[in-house]
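Trainee: Take this structure, written in structure tokens, and hold onto it; I'll ask about it next.
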Amino acid sequence: MKNISQRVGVFVDVQNMYYSAKNLYGSKVNFGKILEDAVGGRQLIRAIAYVVRAEEPLEQSFFDALQKAGFEVKVKDIQVFPGGQKKADWDVGVVIDMIRLSSKLDVMVLVSGDGDYKDAVEFLRNQGHRVEVMAFKPSASNKLIAEADEFTDLDADAAQYLLSPRRKRSPKPPVHYGQ
């Protein structure tokens with residue numbers, strides 16, 4: 001149950017959400033709308049988006065857009081191991097921040113469907129915190145969903161949580177003077 005006096009922290013596993021939207025819909029996530037619905041009129045204390053730097057073009061503009069939407073952006077560099085294997089996830093960092101901030105929050109909203117968070121959600125709930133999870137259900141762990149106090153299925157109204165693909169501008173017709 002949402003109460004306007006609740007202090008809320010929002011923790012977004014950007015990579016999980018990015019790949020869920022890309023694989024399910026071929027689209028990008030509207031993180032601003034997710035933040036708005038996660039807070040739900042309550043008192044926002046912190047909103048943190050966890051991202052991975054992959055040295056991609058337009059990456060910094062995406063990070064800037066997250067900040068403009070109201071998120072504190074935490075960046076981790078991708079690790080490349082001998083043999084070319086790449087790894088970058090924020091699971092432990094997200095959990096540490098949730099625990100670190102727990103004394104200042106009544107509600108924690110985890111925006112991810114990753115089942116690796118199940119034990120952290122269970123722990124925080126056992127400490128008396130309300131933990132809500134938001135994710136696209138087709139790519140979310142059933143165990144994580146079951147552990148949460150509330151689950152918001154972004155797939156139920158996916159269009160509002162996705163950005164419509166930008167259309168390429170058609171070239172302007174040539175201007176003819178003095179004919």
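Here, A, B, ... name the chains of the structure tokens in the order displayed, residue numbers run from 1 inside each chain, and ligands are numbered from 1 in the same displayed order.
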Run DSSP on the backbone and tell me which residues of range 11-66 of chain A come out as strand (DSSP E or B); list them as number ranges by chain.

Mentor: A: 11-13, 28-29, 43-53

Trainee: Env of range 113-122 of chain A: 9 Å cut, atoms = only C-alpha atoms, seq-sep filter 5 positions within chain, self excluded. Answer as number ranges by chain.

Mentor: A: 13, 16-17, 20, 91-92, 94-95, 98-99, 127, 131-137, 139-148

Trainee: With C-alpha atoms retained, could you export that selection as a short mmCIF file (atom, residue, chain, number, x, y, z; two decimals), in the first residue's frame?

Mentor:
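File part.cif, as written:
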data_model
loop_
_atom_site.label_atom_id
_atom_site.label_comp_id
_atom_site.auth_asym_id
_atom_site.auth_seq_id
_atom_site.Cartn_x
_atom_site.Cartn_y
_atom_site.Cartn_z
CA ASP A 13 19.70 -2.03 -12.93
CA ASN A 16 18.93 -5.52 -17.13
CA MET A 17 16.17 -3.16 -18.22
CA SER A 20 14.87 -6.72 -21.55
CA ASP A 91 24.37 -6.72 -8.58
CA VAL A 92 26.59 -6.40 -5.51
CA VAL A 94 23.01 -2.26 -5.97
CA VAL A 95 22.52 -4.50 -2.93
CA MET A 98 20.09 -0.68 -0.74
CA ILE A 99 21.44 -1.90 2.60
CA GLN A 127 14.45 -6.02 8.31
CA VAL A 131 10.47 -3.79 -1.28
CA GLU A 132 8.73 -3.27 -4.58
CA VAL A 133 9.99 -4.64 -7.88
CA MET A 134 9.33 -3.24 -11.34
CA ALA A 135 10.27 -5.23 -14.46
CA PHE A 136 8.99 -6.63 -17.72
CA LYS A 137 7.44 -9.89 -16.52
CA SER A 139 12.13 -11.44 -18.57
CA ALA A 140 11.73 -11.36 -14.77
CA SER A 141 12.56 -14.09 -12.29
CA ASN A 142 9.44 -15.69 -10.78
CA LYS A 143 11.31 -16.11 -7.47
CA LEU A 144 12.11 -12.39 -7.36
CA ILE A 145 8.48 -11.53 -8.14
CA ALA A 146 7.25 -13.84 -5.38
CA GLU A 147 9.66 -12.34 -2.83
CA ALA A 148 8.64 -8.71 -3.46
#

Trainee: Taking only C-alpha atoms into account, name the residue in A:Ala47, A:Ala21, A:Leu110, A:Val39 that is nearest to Ile4 in chain A.

Mentor: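 Nearest to Ile4 in chain A: A:Val39.
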
Trainee: Using DSSP on the backbone coordinates, identify all residues within range 5-177 of chain A classified as helix (DSSP H, G or I); present the result as number ranges by chain.

Mentor: A: 14-25, 31-39, 59-68, 91-104, 115-126, 137-139, 142-147, 154-161

Trainee: Figure out the distance between CA of Gly26 in chain A and CA of Gln160 in chain A, please, to one decimal in Å.

Mentor: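 Here the two named atoms are 14.6 Å from each other.
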
Trainee: Taking 4 positions as the minimum chain separation for residues in the same chain, which residues sit within 6 Å of Val52 in chain A when counting only C-alpha atoms? Answer as a PyMOL selection string.

Mentor: chain A and resi 75-77

Trainee: Could you save those same residues with N, CA and C atoms as a compact mmCIF listing (two decimals), in the first residue's frame?

Mentor:
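For reference, result30.txt as written:
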# COMPACT_ATOMS: atom_id res chain seq x y z
N VAL A 75 28.53 4.77 -12.52
CA VAL A 75 29.12 4.17 -13.70
C VAL A 75 30.21 3.18 -13.31
N LYS A 76 30.17 2.04 -13.97
CA LYS A 76 31.21 1.03 -13.79
C LYS A 76 31.77 0.72 -15.18
N ASP A 77 33.09 0.60 -15.26
CA ASP A 77 33.72 0.24 -16.53
C ASP A 77 33.57 -1.25 -16.78

Trainee: Find the spatial neighbours of Val14 in chain A, counting only C-alpha atoms, within a cut-off of 7 Å - ignore same-chain residues fewer than 2 positions away - and output them as an MDAnalysis selection string.

Mentor: chainID A and resid 12 16:18 49:51

Trainee: Would you mind reading off the distance between CA of Ala65 in chain A and CA of Asp106 in chain A, one decimal, in Å?

Mentor: 27.3 Å

Trainee: For a quick check of understanding, using only C-alpha atoms, which of A:Ala54, A:Leu124, A:Ile48, A:Val80 has the smallest distance to Val107 in chain A?

Mentor: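 Closest residue, counting only C-alpha atoms: A:Leu124.
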